[in-house]
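Note sheet for the following structure.
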Amino acid sequence: MENNIKENNLIEKIYFMQEDVIDEIIKKVNKDLERKLQKIDLEKIFENKSETKELKEIFNKIEDNYNLKISKYNEEIYKQGFIDGVHLILECYKQ
């Protein structure tokens, strides 16, 4: 059990050491996606500006929640991929 905790802490450290690289990858992907995503102009949809502002706030919260979820999923996938890669290397050395 203690070995798993040490392994997880090491994986966390490696992930966070690569955080800047991962952030740059995300920025590049966001730029690529901007051209593909459809723009939504709430002002055109609603005449009442207060409703538009409220909806923007709601949509921003939804987007923030989505981004948090995706970030956490990606972090866990990255760590699992690293663990799988290390285990594969160790298996290759055993043979």
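Chain lettering (A, B, ...) mirrors the order of the structure tokens, residue numbering begins at 1 for each chain separately, and ligand numbering begins at 1 in order of display.
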Checklist line | Exercise: Asp23 (chain A) partners within 12 Å, only C-alpha atoms, chain neighbours under 6 positions left out, as an MDAnalysis selection string | finding: chainID A and resid 15:17 29:30 71 74:75
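In this model, the gap between CA of Glu51 (chain A) and CA of Glu63 (chain A) comes to 18.0 Å.
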Item checked: Atom-to-atom span, CA of Glu12 (chain A) and CA of Lys79 (chain A), Å ->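 About the pair CA of Glu12 (chain A) and CA of Lys79 (chain A): they are 7.5 Å apart.
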Next item on the list: Report the distance between CA of His87 (chain A) and CA of Lys72 (chain A) in Å, rounded to one decimal place.
Entry: 22.5 Å
